[in-house]
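*Asks:* What follows is the file run_13.cif, containing mmCIF, C-alpha atoms and all ligand atoms:
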```cif
data_model
loop_
_atom_site.label_atom_id
_atom_site.label_comp_id
_atom_site.auth_asym_id
_atom_site.auth_seq_id
_atom_site.Cartn_x
_atom_site.Cartn_y
_atom_site.Cartn_z
CA MET A 184 -5.83 44.17 -8.53
CA ARG A 185 -3.25 44.89 -5.90
CA VAL A 186 -5.10 42.79 -3.36
CA ALA A 187 -5.29 39.98 -5.86
CA LEU A 188 -1.54 40.18 -6.43
CA ILE A 189 -0.80 40.12 -2.75
CA LEU A 190 -3.15 37.20 -2.27
CA CYS A 191 -1.51 35.43 -5.15
CA ASN A 192 1.92 35.96 -3.60
CA LEU A 193 0.63 34.68 -0.31
CA VAL A 194 -0.64 31.51 -1.97
CA VAL A 195 2.74 30.98 -3.66
CA LEU A 196 4.51 31.61 -0.38
CA ALA A 197 2.20 29.20 1.40
CA LEU A 198 2.94 26.49 -1.17
CA VAL A 199 6.69 27.00 -0.98
CA TYR A 200 6.40 26.98 2.76
CA ALA A 201 4.32 23.79 2.77
CA GLU A 202 6.95 22.03 0.69
CA SER A 203 9.98 23.15 2.64
CA GLU A 204 8.14 22.64 5.90
CA LEU A 205 8.39 18.85 5.98
CA PRO A 206 10.73 17.89 8.79
CA LEU A 207 13.61 15.61 7.93
CA ALA A 208 13.09 12.17 9.45
CA GLU A 209 15.40 11.31 12.33
CA PRO A 210 16.88 7.89 13.11
CA CYS A 211 14.23 5.64 14.58
CA ASP A 212 14.14 5.08 18.31
CA PRO A 213 11.97 2.04 19.13
CA GLU A 214 11.38 3.52 22.59
CA LYS A 215 9.61 6.50 21.03
CA CYS A 216 8.09 4.75 18.02
CA LYS A 217 5.49 2.28 19.23
CA LEU A 218 2.51 0.41 17.80
CA PRO A 219 -0.27 0.83 16.83
CA ASP A 220 0.63 3.99 14.93
CA CYS A 221 4.42 3.95 14.70
CA ARG A 222 6.89 1.24 13.77
CA CYS A 223 10.59 1.49 12.88
CA SER A 224 11.67 -0.10 9.59
CA SER A 225 12.79 -3.52 10.73
CA VAL A 226 12.86 -7.24 10.08
CA GLU A 227 11.75 -7.91 13.66
CA ILE A 228 8.40 -9.62 14.05
CA PRO A 229 5.79 -7.18 15.42
CA GLY A 230 4.95 -7.66 19.09
CA GLY A 231 8.20 -9.59 19.60
CA LEU A 232 6.40 -12.82 18.65
CA ALA A 233 8.26 -16.03 17.86
CA PRO A 234 7.96 -17.15 14.20
CA ARG A 235 5.82 -20.17 15.17
CA ASP A 236 3.31 -17.84 16.90
CA THR A 237 3.17 -15.52 13.91
CA PRO A 238 0.48 -15.92 11.21
CA GLN A 239 2.11 -16.20 7.80
CA PHE A 240 0.24 -13.75 5.58
CA VAL A 241 0.15 -14.24 1.83
CA LEU A 242 -0.70 -11.15 -0.13
CA LEU A 243 -1.89 -11.64 -3.72
CA THR A 244 -2.26 -8.40 -5.66
CA PHE A 245 -3.34 -7.51 -9.20
CA ASP A 246 -2.57 -4.15 -10.82
CA ASP A 247 -4.19 -2.04 -13.56
CA GLY A 248 -7.62 -1.76 -15.13
CA VAL A 249 -10.42 -4.14 -14.12
CA ASN A 250 -12.55 -5.14 -17.07
CA ILE A 251 -14.13 -7.93 -19.08
CA ASN A 252 -10.68 -9.09 -20.26
CA ASN A 253 -9.52 -10.08 -16.79
CA ILE A 254 -12.59 -10.54 -14.57
CA GLU A 255 -13.04 -14.19 -15.61
CA THR A 256 -9.59 -15.03 -14.26
CA TYR A 257 -10.45 -13.38 -10.94
CA ARG A 258 -13.79 -15.16 -10.74
CA ALA A 259 -12.18 -18.55 -11.35
CA LEU A 260 -9.07 -17.99 -9.24
CA ILE A 261 -10.16 -16.28 -6.02
CA TYR A 262 -13.96 -16.10 -5.63
CA ASN A 263 -15.26 -18.24 -2.74
CA ARG A 264 -11.78 -19.21 -1.60
CA LYS A 265 -11.40 -19.67 2.15
CA ASN A 266 -8.50 -19.80 4.54
CA LYS A 267 -8.20 -22.69 6.98
CA ASN A 268 -9.86 -20.55 9.67
CA SER A 269 -12.97 -20.41 7.39
CA CYS A 270 -12.57 -16.71 6.69
CA PRO A 271 -12.75 -15.58 3.05
CA ALA A 272 -9.34 -15.34 1.37
CA GLY A 273 -8.32 -11.75 0.61
CA THR A 274 -6.73 -10.11 -2.40
CA THR A 275 -5.87 -6.47 -3.15
CA PHE A 276 -6.57 -4.83 -6.51
CA PHE A 277 -4.53 -1.75 -7.39
CA VAL A 278 -6.89 -0.29 -9.95
CA SER A 279 -5.95 2.25 -12.60
CA HIS A 280 -8.80 4.23 -14.12
CA GLU A 281 -8.46 3.89 -17.90
CA TYR A 282 -10.53 0.99 -19.35
CA THR A 283 -11.86 0.10 -15.91
CA ASP A 284 -15.41 -1.21 -15.71
CA TYR A 285 -16.66 0.14 -12.39
CA SER A 286 -19.56 -2.28 -12.19
CA LEU A 287 -16.89 -5.01 -12.01
CA VAL A 288 -14.97 -3.06 -9.34
CA ASN A 289 -18.24 -3.04 -7.40
CA GLU A 290 -18.47 -6.82 -7.91
CA LEU A 291 -14.92 -7.34 -6.57
CA TYR A 292 -15.71 -5.14 -3.59
CA ASN A 293 -18.87 -7.11 -2.83
CA GLN A 294 -16.86 -10.33 -3.03
CA GLY A 295 -14.86 -8.94 -0.10
CA PHE A 296 -11.67 -7.93 -1.94
CA GLU A 297 -9.75 -4.76 -1.25
CA ILE A 298 -9.94 -1.99 -3.83
CA ALA A 299 -6.83 0.20 -3.82
CA LEU A 300 -5.46 2.88 -6.12
CA HIS A 301 -2.98 2.72 -9.01
CA SER A 302 -3.59 6.28 -10.37
CA ILE A 303 -6.08 7.82 -12.77
CA SER A 304 -3.80 8.30 -15.79
CA HIS A 305 -1.20 5.51 -15.35
CA ARG A 306 0.94 7.54 -17.79
CA THR A 307 3.66 5.43 -19.42
CA ASP A 308 6.37 7.93 -18.61
CA ASP A 309 8.56 7.18 -15.63
CA VAL A 310 10.00 10.72 -15.60
CA TYR A 311 6.45 12.00 -15.00
CA TRP A 312 6.11 9.80 -11.91
CA ARG A 313 9.68 10.35 -10.67
CA THR A 314 9.29 14.12 -10.73
CA ALA A 315 5.59 14.30 -9.80
CA ASP A 316 4.95 16.85 -7.08
CA TYR A 317 2.36 16.77 -4.35
CA GLU A 318 -0.30 18.60 -6.41
CA THR A 319 0.06 16.23 -9.38
CA LEU A 320 -0.15 13.15 -7.19
CA MET A 321 -3.11 14.58 -5.31
CA LYS A 322 -4.91 14.69 -8.69
CA GLU A 323 -3.76 11.16 -9.59
CA PHE A 324 -4.54 9.44 -6.27
CA GLY A 325 -6.48 11.84 -4.03
CA ASP A 326 -9.08 12.44 -6.75
CA GLN A 327 -9.10 8.74 -7.60
CA ILE A 328 -10.72 8.11 -4.21
CA THR A 329 -13.66 10.31 -5.24
CA LEU A 330 -13.80 8.79 -8.73
CA THR A 331 -13.72 5.16 -7.59
CA SER A 332 -16.16 5.69 -4.77
CA HIS A 333 -18.60 7.50 -7.02
CA PHE A 334 -18.62 5.22 -10.08
CA ALA A 335 -18.21 1.86 -8.30
CA ASN A 336 -20.51 2.90 -5.46
CA ILE A 337 -18.14 1.92 -2.67
CA PRO A 338 -17.49 3.95 0.48
CA GLU A 339 -14.46 6.27 0.41
CA SER A 340 -13.68 5.03 3.92
CA GLU A 341 -12.98 1.53 2.52
CA ILE A 342 -10.10 2.72 0.33
CA PHE A 343 -6.75 2.58 2.11
CA GLY A 344 -3.77 2.22 -0.17
CA ILE A 345 -1.93 3.22 -3.31
CA ARG A 346 0.72 1.77 -5.62
CA SER A 347 2.61 4.02 -8.05
CA PRO A 348 2.77 3.01 -11.72
CA PHE A 349 6.06 1.20 -12.51
CA LEU A 350 6.78 1.32 -8.75
CA GLN A 351 8.33 4.69 -9.51
CA LEU A 352 8.61 6.61 -6.25
CA SER A 353 8.57 10.41 -6.19
CA GLY A 354 10.36 11.21 -2.96
CA ASN A 355 8.09 12.45 -0.22
CA SER A 356 5.17 13.42 -2.48
CA SER A 357 3.20 10.19 -2.81
CA PHE A 358 3.50 9.54 0.91
CA GLN A 359 2.33 13.08 1.66
CA VAL A 360 -0.72 12.32 -0.48
CA VAL A 361 -1.37 9.12 1.48
CA SER A 362 -1.22 11.13 4.66
CA SER A 363 -3.31 14.14 3.66
CA ALA A 364 -5.92 12.20 1.64
CA GLY A 365 -6.73 10.12 4.71
CA LEU A 366 -5.26 6.92 3.29
CA LYS A 367 -3.12 4.47 5.23
CA TYR A 368 -0.40 2.84 3.15
CA ASP A 369 1.71 2.82 0.03
CA SER A 370 2.88 -0.43 -1.55
CA SER A 371 5.34 0.70 -4.21
CA TRP A 372 8.71 0.43 -2.52
CA PRO A 373 10.74 -2.69 -3.37
CA THR A 374 13.53 -4.07 -1.23
CA THR A 375 16.24 -6.45 -2.36
CA ALA A 376 18.42 -5.96 0.73
CA PHE A 377 15.83 -7.14 3.27
CA THR A 378 14.49 -10.37 1.83
CA ASP A 379 15.99 -12.97 4.17
CA PRO A 380 14.78 -12.20 6.78
CA GLY A 381 12.14 -10.05 5.09
CA LEU A 382 11.18 -6.49 5.91
CA TRP A 383 7.86 -6.05 7.73
CA PRO A 384 5.56 -3.04 7.12
CA TYR A 385 6.56 0.13 8.99
CA THR A 386 5.72 3.81 9.24
CA LEU A 387 7.52 6.93 8.05
CA ASP A 388 7.54 8.76 11.37
CA TYR A 389 11.29 8.15 11.46
CA GLN A 390 14.09 7.55 8.99
CA SER A 391 13.69 4.38 6.91
CA THR A 392 16.62 1.99 6.65
CA GLN A 393 15.15 0.36 3.53
CA ASP A 394 17.32 0.25 0.38
CA CYS A 395 16.20 2.67 -2.33
CA ILE A 396 15.89 0.71 -5.59
CA VAL A 397 13.84 3.20 -7.63
CA PRO A 398 14.83 6.66 -6.30
CA PRO A 399 13.89 9.19 -5.09
CA CYS A 400 12.74 7.65 -1.81
CA PRO A 401 11.12 9.65 1.01
CA THR A 402 13.37 11.18 3.65
CA ALA A 403 10.86 13.42 5.44
CA SER A 404 9.00 12.43 8.57
CA ILE A 405 5.41 11.64 7.53
CA PRO A 406 3.82 10.29 10.71
CA GLY A 407 1.40 7.39 10.65
CA THR A 408 1.97 6.63 6.96
CA TRP A 409 2.64 2.94 6.36
CA VAL A 410 5.10 1.44 3.92
CA MET A 411 4.01 -2.01 2.75
CA PRO A 412 7.38 -3.03 1.31
CA ILE A 413 7.63 -5.16 -1.80
CA VAL A 414 9.99 -7.87 -0.63
CA ALA A 415 11.64 -9.13 -3.81
CA TRP A 416 11.56 -12.74 -4.94
CA SER A 417 14.71 -14.46 -6.09
CA ASP A 418 14.46 -15.87 -9.62
CA LEU A 419 15.99 -19.13 -10.87
CA GLY A 420 19.25 -17.30 -11.62
CA GLY A 421 19.33 -15.63 -8.21
CA LEU A 422 18.25 -12.23 -9.55
CA PRO A 423 15.68 -10.24 -7.55
CA CYS A 424 12.23 -9.52 -8.98
CA SER A 425 9.48 -7.33 -7.48
CA PHE A 426 6.71 -8.73 -9.63
CA VAL A 427 6.30 -12.42 -10.37
CA ASP A 428 5.72 -11.63 -14.05
CA ALA A 429 9.01 -9.72 -14.10
CA CYS A 430 11.22 -12.59 -12.92
CA PHE A 431 13.82 -12.95 -15.69
CA PHE A 432 15.00 -16.52 -15.15
CA ASN A 433 11.57 -18.09 -14.74
CA PRO A 434 10.25 -21.63 -15.27
CA GLY A 435 8.78 -20.84 -18.69
CA HIS A 436 5.73 -23.01 -19.38
CA ASP A 437 6.53 -25.78 -16.91
CA GLU A 438 3.73 -25.92 -14.32
CA GLU A 439 5.56 -28.16 -11.85
CA ALA A 440 8.66 -25.96 -12.03
CA TRP A 441 6.48 -22.90 -11.43
CA PHE A 442 4.94 -24.55 -8.39
CA GLN A 443 8.39 -25.36 -6.98
CA PHE A 444 9.54 -21.82 -7.77
CA ILE A 445 6.67 -20.29 -5.76
CA ILE A 446 7.28 -22.69 -2.85
CA LYS A 447 10.99 -21.88 -2.79
CA ASN A 448 10.29 -18.15 -2.47
CA PHE A 449 7.45 -18.73 -0.01
CA GLU A 450 9.65 -20.82 2.27
CA ARG A 451 12.14 -17.98 2.67
CA HIS A 452 9.32 -16.22 4.55
CA TYR A 453 7.48 -19.17 6.10
CA LEU A 454 10.61 -20.82 7.50
CA GLY A 455 12.14 -17.43 8.35
CA ASN A 456 10.70 -14.37 10.11
CA ARG A 457 7.27 -14.79 8.48
CA ALA A 458 7.29 -11.34 6.89
CA PRO A 459 4.20 -11.11 4.64
CA PHE A 460 4.76 -13.03 1.40
CA GLY A 461 3.71 -11.14 -1.71
CA TYR A 462 2.59 -12.61 -5.00
CA TYR A 463 2.40 -9.44 -7.12
CA VAL A 464 1.30 -9.88 -10.71
CA HIS A 465 -0.69 -8.52 -13.66
CA GLU A 466 -3.52 -10.70 -14.90
CA ALA A 467 -2.31 -10.30 -18.50
CA PHE A 468 0.62 -12.58 -17.61
CA PHE A 469 -1.71 -15.54 -17.13
CA THR A 470 -3.23 -15.07 -20.58
CA VAL A 471 0.21 -15.85 -22.06
CA ASN A 472 1.32 -18.35 -19.43
CA ASP A 473 -1.33 -20.79 -18.30
CA ALA A 474 1.26 -23.00 -16.58
CA ALA A 475 2.06 -20.15 -14.19
CA ARG A 476 -1.67 -19.71 -13.50
CA ARG A 477 -2.21 -23.40 -12.80
CA ALA A 478 0.80 -23.42 -10.48
CA LEU A 479 -0.67 -20.46 -8.59
CA VAL A 480 -3.98 -22.32 -8.18
CA ARG A 481 -2.07 -25.28 -6.73
CA PHE A 482 -0.15 -22.99 -4.40
CA LEU A 483 -3.31 -21.24 -3.17
CA ASP A 484 -5.09 -24.59 -2.68
CA MET A 485 -2.12 -25.72 -0.62
CA ILE A 486 -1.86 -22.67 1.65
CA ASN A 487 -5.64 -22.52 2.13
CA ASN A 488 -5.19 -25.86 3.90
CA LEU A 489 -2.43 -24.77 6.26
CA ASN A 490 -3.33 -23.80 9.82
CA ASP A 491 -0.85 -20.94 10.09
CA VAL A 492 -1.03 -19.37 6.61
CA PHE A 493 -3.62 -16.74 5.65
CA MET A 494 -4.37 -15.13 2.33
CA VAL A 495 -5.45 -11.62 3.31
CA ASN A 496 -5.46 -8.19 1.72
CA ALA A 497 -2.83 -5.50 2.33
CA ASN A 498 -5.00 -3.50 4.69
CA GLU A 499 -5.60 -6.55 6.89
CA VAL A 500 -1.86 -7.20 7.03
CA ILE A 501 -1.30 -3.69 8.34
CA ASN A 502 -4.18 -4.04 10.79
CA TRP A 503 -2.47 -7.11 12.21
CA VAL A 504 0.92 -5.37 12.38
CA GLN A 505 -0.73 -2.53 14.32
CA ASN A 506 -2.18 -5.01 16.75
CA PRO A 507 -0.04 -8.15 16.54
CA ILE A 508 -1.86 -11.00 18.25
CA PRO A 509 -0.41 -14.51 18.34
CA LEU A 510 -1.59 -17.18 15.94
CA ASN A 511 -3.79 -19.00 18.47
CA GLU A 512 -5.73 -15.78 19.14
CA TYR A 513 -5.79 -14.76 15.50
CA VAL A 514 -7.57 -17.94 14.40
CA GLN A 515 -10.34 -17.31 16.96
CA LYS A 516 -11.14 -13.87 15.60
CA ASP A 517 -14.33 -13.12 13.68
CA CYS A 518 -13.95 -12.83 9.94
CA PRO A 519 -13.86 -9.33 8.44
CA ARG A 520 -17.38 -8.39 7.30
CA ARG A 521 -18.51 -5.97 4.68
CA THR A 522 -21.91 -4.43 3.99
CA PRO A 523 -22.82 -5.14 0.35
CA SER A 524 -23.13 -2.13 -1.88
CA ALA A 525 -25.63 -2.22 -4.72
CA CYS A 526 -24.89 -1.40 -8.33
CA ARG A 527 -27.44 -0.42 -10.94
CA VAL A 528 -25.25 -1.05 -13.96
CA THR A 529 -25.27 1.71 -16.56
CA SER A 530 -23.31 1.80 -19.82
CA CYS A 531 -22.11 5.24 -20.82
CA GLY A 532 -20.69 6.40 -24.11
CA PRO A 533 -19.37 7.48 -26.40
CA LEU A 534 -17.65 9.92 -24.03
CA SER A 535 -15.17 12.45 -25.31
CA SER A 536 -12.05 13.09 -23.28
CA SER A 537 -9.75 16.00 -22.64
CA HIS A 538 -6.46 14.13 -23.08
CA THR A 539 -6.98 12.29 -26.38
CA GLU A 540 -9.14 12.36 -29.51
CA MET A 541 -10.39 8.93 -28.59
CA GLN A 542 -13.88 8.26 -27.32
CA TYR A 543 -14.59 5.98 -24.41
CA TRP A 544 -17.34 3.77 -23.16
CA MET A 545 -17.54 2.97 -19.47
CA ARG A 546 -19.77 0.84 -17.28
CA ILE A 547 -20.59 2.34 -13.92
CA CYS A 548 -22.98 2.14 -10.96
CA ASN A 549 -24.31 5.67 -11.20
CA SER A 550 -25.58 8.23 -13.67
CA CYS A 551 -23.36 8.83 -16.68
CA PRO A 552 -20.68 11.53 -16.61
CA ARG A 553 -20.70 14.21 -19.32
CA THR A 554 -17.11 13.51 -20.43
CA TYR A 555 -14.61 10.75 -19.73
CA PRO A 556 -13.29 11.28 -16.18
CA TRP A 557 -9.59 12.20 -16.07
CA ILE A 558 -7.04 14.03 -13.94
CA GLY A 559 -8.42 17.41 -12.97
CA ASN A 560 -11.99 16.22 -13.62
CA PRO A 561 -12.48 12.94 -11.76
CA LEU A 562 -16.27 12.99 -12.02
CA GLY A 563 -16.30 13.82 -15.74
CA LEU A 564 -18.44 16.93 -15.21
C1 LIG B 1 11.81 15.16 1.34
O1 LIG B 1 11.74 16.01 2.48
C2 LIG B 1 12.98 16.22 3.11
C3 LIG B 1 12.71 17.03 4.39
O2 LIG B 1 12.05 18.22 4.12
C4 LIG B 1 13.93 16.94 2.15
O3 LIG B 1 15.19 17.12 2.77
C5 LIG B 1 14.09 16.10 0.88
O4 LIG B 1 14.86 16.79 -0.07
C6 LIG B 1 12.72 15.78 0.28
N1 LIG B 1 12.90 14.86 -0.82
C7 LIG B 1 12.64 15.18 -2.09
C8 LIG B 1 12.98 14.16 -3.12
O5 LIG B 1 12.12 16.24 -2.42
#
```
As structure tokens, how would this structure be written, given the file I've shared?
*Replies:*
Amino acid sequence: MRVALILCNLVVLALVYAESELPLAEPCDPEKCKLPDCRCSSVEIPGGLAPRDTPQFVLLTFDDGVNINNIETYRALIYNRKNKNSCPAGTTFFVSHEYTDYSLVNELYNQGFEIALHSISHRTDDVYWRTADYETLMKEFGDQITLTSHFANIPESEIFGIRSPFLQLSGNSSFQVVSSAGLKYDSSWPTTAFTDPGLWPYTLDYQSTQDCIVPPCPTASIPGTWVMPIVAWSDLGGLPCSFVDACFFNPGHDEEAWFQFIIKNFERHYLGNRAPFGYYVHEAFFTVNDAARRALVRFLDMINNLNDVFMVNANEVINWVQNPIPLNEYVQKDCPRRTPSACRVTSCGPLSSSHTEMQYWMRICNSCPRTYPWIGNPLGL
């Protein structure tokens, strides 16, 4: 009993210690912080390249559950698309667990797209995310690596990044999870101050100079953890928007106006410091606005024909930043390859769950879980 108590105290002490132990980040010294594993927050082009020698990356991302409601859009919009260098065009999916069909996640993976994490619960409660501690976020994201890898049959080593629901940061915690779960980047942090020229990805070894739009932002030094900033667009009224489907003054249902709107935001990057250009959206937006979808198709068709613009996933952007080679070398490189991963599709259900009375069905690439997987029980044992 006594031993147990002492042990218990030790564990509590260790936890308190672990949390207070994080060193405060110091101002960044570019002499000490060097690629490939450290970069100061900055609008400078990596490797000191001139804009014309810098590949313009376009990063298209989709958030939330992957299922039969949205897969047709993905199939029509991005499958078999190629960049001008003949490499497959990339896209990153930030997948949340609920209502996700893991056989379709496996399909996206085998099409060459990046599968990243958007939490298991995706609770609609921003206070929950704002105040989430390390342990909570480890269950939301750390365990989601295991869950996704298991049910979609994709290697854990191919999962690199996270995005917090509602882009709600939780101070140091989510970045600590990225670091200790063996991930590489977070893409939840918007900037409206560094859009022209745009902020490039950087690490948290040293103090960030990025504006904090959705506090609390991290202030600890978390070495080797990359921030993939969300460089805001400017809407038709000049207001910033992080997500394309959140732009307030938007072109409504006018396809041509949408096309011009995308180009206008793209050119701020392309004719500027070539910071990666993000098109961040939820597929559900296209089901209510087909003009916006058609305009995106036109935009992608256009950039896929430009010699210096590349649609790649978030992880590839960071790989390039770590090793910034000029455009003429970049186009010579071999295309990223991926070993296909089989899926024997199984439908499971009805599955009871611990967090609601509701029952679930899920399609997976493995044997069925006993209950619906959730935080604290990612394999549904
Ligand atoms: C992040 O860590 C730093 C350094 O330990 C600390 O000063 C700061 O309060 C932490 N931020 C939050 C929101 O807990």
*Asks:* Give as a VMD selection string the residues surrounding ligand LIG 1 (chain B) up to a distance of 8 Å, considering only C-alpha atoms and all ligand atoms.
*Replies:* chain A and resid 202 to 208 353 to 356 399 to 404
*Asks:* Could you tell me how far atom CA of A:Trp544 lies from atom CA of A:Leu291, in Å and to one decimal?
*Replies:*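 Straight-line distance from atom CA of A:Trp544 to atom CA of A:Leu291 works out to 20.1 Å.
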*Asks:* To one decimal place in Å, what is the distance between atom CA of A:Thr237 and atom CA of A:Gln443?
*Replies:* 23.7 Å
*Asks:* Contacts of A:His333 at 9 Å or less, counting all atoms listed in the file, minus same-chain residues fewer than 5 places along, as a list in words?
*Replies:*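 Residues meeting the cut-off are Ile328, Pro338, Glu339, Ile547, Cys548, Asn549 and Leu562 of chain A.
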*Asks:* At a cut-off of 9 Å from (-19.5, -10.6, -1.7) in the coordinates of the file, what residues are picked up using all atoms listed in the file, written as a VMD selection string?
*Replies:* chain A and resid 262 to 263 290 to 296 521 to 523
*Asks:* What is the atom CA of A:Ser357 to atom CA of A:Asn496 distance in Å?
*Replies:*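 Interatomic distance here is 20.8 Å.
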*Asks:* When distances are computed from only C-alpha atoms, which of A:Val414, A:Val397, A:Ile501, A:Val464 shows the smallest separation from A:Ala376?
*Replies:*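 Among A:Val414, A:Val397, A:Ile501, A:Val464, it is A:Val414 that comes nearest to A:Ala376.
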*Asks:* Ranking A:Gly273, A:Pro213, A:Gly231, A:Gly344 by minimum distance to A:Gln327 and counting only C-alpha atoms, which one comes first?
*Replies:*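 Checking each of A:Gly273, A:Pro213, A:Gly231, A:Gly344 against A:Gln327, counting only C-alpha atoms, the winner is A:Gly344.
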*Asks:* Which residues are near stretch 241-247 of chain A? Cut-off 9 Å, all atoms listed in the file, ignore same chain within fewer than 3 positions. Put them as number ranges by chain.
*Replies:* A: 273-281, 283, 300-302, 305, 346, 348, 449, 459-466, 486, 492-497, 500
*Asks:* Generate a file of the selected residues that holds C-alpha atoms, formatted as a PDB file, in the frame of the given file.
*Replies:*
```pdb
ATOM      1  CA  GLY A 273      -8.320 -11.750   0.610  1.00  0.00           C
ATOM      2  CA  THR A 274      -6.730 -10.110  -2.400  1.00  0.00           C
ATOM      3  CA  THR A 275      -5.870  -6.470  -3.150  1.00  0.00           C
ATOM      4  CA  PHE A 276      -6.570  -4.830  -6.510  1.00  0.00           C
ATOM      5  CA  PHE A 277      -4.530  -1.750  -7.390  1.00  0.00           C
ATOM      6  CA  VAL A 278      -6.890  -0.290  -9.950  1.00  0.00           C
ATOM      7  CA  SER A 279      -5.950   2.250 -12.600  1.00  0.00           C
ATOM      8  CA  HIS A 280      -8.800   4.230 -14.120  1.00  0.00           C
ATOM      9  CA  GLU A 281      -8.460   3.890 -17.900  1.00  0.00           C
ATOM     10  CA  THR A 283     -11.860   0.100 -15.910  1.00  0.00           C
ATOM     11  CA  LEU A 300      -5.460   2.880  -6.120  1.00  0.00           C
ATOM     12  CA  HIS A 301      -2.980   2.720  -9.010  1.00  0.00           C
ATOM     13  CA  SER A 302      -3.590   6.280 -10.370  1.00  0.00           C
ATOM     14  CA  HIS A 305      -1.200   5.510 -15.350  1.00  0.00           C
ATOM     15  CA  ARG A 346       0.720   1.770  -5.620  1.00  0.00           C
ATOM     16  CA  PRO A 348       2.770   3.010 -11.720  1.00  0.00           C
ATOM     17  CA  PHE A 449       7.450 -18.730  -0.010  1.00  0.00           C
ATOM     18  CA  PRO A 459       4.200 -11.110   4.640  1.00  0.00           C
ATOM     19  CA  PHE A 460       4.760 -13.030   1.400  1.00  0.00           C
ATOM     20  CA  GLY A 461       3.710 -11.140  -1.710  1.00  0.00           C
ATOM     21  CA  TYR A 462       2.590 -12.610  -5.000  1.00  0.00           C
ATOM     22  CA  TYR A 463       2.400  -9.440  -7.120  1.00  0.00           C
ATOM     23  CA  VAL A 464       1.300  -9.880 -10.710  1.00  0.00           C
ATOM     24  CA  HIS A 465      -0.690  -8.520 -13.660  1.00  0.00           C
ATOM     25  CA  GLU A 466      -3.520 -10.700 -14.900  1.00  0.00           C
ATOM     26  CA  ILE A 486      -1.860 -22.670   1.650  1.00  0.00           C
ATOM     27  CA  VAL A 492      -1.030 -19.370   6.610  1.00  0.00           C
ATOM     28  CA  PHE A 493      -3.620 -16.740   5.650  1.00  0.00           C
ATOM     29  CA  MET A 494      -4.370 -15.130   2.330  1.00  0.00           C
ATOM     30  CA  VAL A 495      -5.450 -11.620   3.310  1.00  0.00           C
ATOM     31  CA  ASN A 496      -5.460  -8.190   1.720  1.00  0.00           C
ATOM     32  CA  ALA A 497      -2.830  -5.500   2.330  1.00  0.00           C
ATOM     33  CA  VAL A 500      -1.860  -7.200   7.030  1.00  0.00           C
TER      34      VAL A 500
END
```
*Asks:* Rank A:Gln542, A:Thr554, A:Asn488, A:Gln505 by their smallest atom-to-atom distance to A:Ala272, using all atoms listed in the file, and report the top residue only.
*Replies:*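 Of the candidates, the smallest distance to A:Ala272 is held by A:Asn488.
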*Asks:* Residues within 7 Å of A:Tyr389, please, as a VMD selection string. Count only C-alpha atoms; anything in the same chain fewer than 2 positions from it doesn't count.
*Replies:* chain A and resid 208 to 211 223 387 391 404
*Asks:* Neighbours of A:Asn487 within 10 Å (all atoms listed in the file; same-chain residues fewer than 6 positions away dropped), as a PDB file with C-alpha atoms, in the coordinates of the input?
*Replies:*
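Contents of the output file out_22.pdb:
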```
ATOM      1  CA  ARG A 264     -11.780 -19.210  -1.600  1.00  0.00           C
ATOM      2  CA  LYS A 265     -11.400 -19.670   2.150  1.00  0.00           C
ATOM      3  CA  ASN A 266      -8.500 -19.800   4.540  1.00  0.00           C
ATOM      4  CA  LYS A 267      -8.200 -22.690   6.980  1.00  0.00           C
ATOM      5  CA  ASN A 268      -9.860 -20.550   9.670  1.00  0.00           C
ATOM      6  CA  SER A 269     -12.970 -20.410   7.390  1.00  0.00           C
ATOM      7  CA  PRO A 271     -12.750 -15.580   3.050  1.00  0.00           C
ATOM      8  CA  ALA A 272      -9.340 -15.340   1.370  1.00  0.00           C
ATOM      9  CA  ARG A 481      -2.070 -25.280  -6.730  1.00  0.00           C
ATOM     10  CA  PHE A 493      -3.620 -16.740   5.650  1.00  0.00           C
ATOM     11  CA  MET A 494      -4.370 -15.130   2.330  1.00  0.00           C
TER      12      MET A 494
END
```
*Asks:* Quick one: of A:Pro533, A:Tyr368, A:Ala299, A:Val410, who's nearest to A:Gln390, counting all atoms listed in the file?
*Replies:* A:Val410
*Asks:* Using all atoms listed in the file, can you tell me which of A:Gly455, A:Asp212, A:Ser304, A:Ala475 comes closest to A:Ser537?
*Replies:*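 Once distances to A:Ser537 are computed over all atoms listed in the file, the minimum belongs to A:Ser304.
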*Asks:* Please determine, counting only C-alpha atoms, which residue among A:Asn560, A:Gly365, A:Gln351, A:Leu260 has the shortest atom-to-atom distance to A:Phe482.
*Replies:*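 Of A:Asn560, A:Gly365, A:Gln351, A:Leu260, the one nearest A:Phe482, counting only C-alpha atoms, is A:Leu260.
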*Asks:* Mind working out the centre and edge lengths of an axis-aligned box for stretch 432-442 of chain A, all listed atoms inside, 8 Å added to each side, rounded to one decimal in Å and written as JSON?
*Replies:*
```
{"center_x": 9.4, "center_y": -22.3, "center_z": -13.9, "size_x": 27.3, "size_y": 27.6, "size_z": 27.0}
```
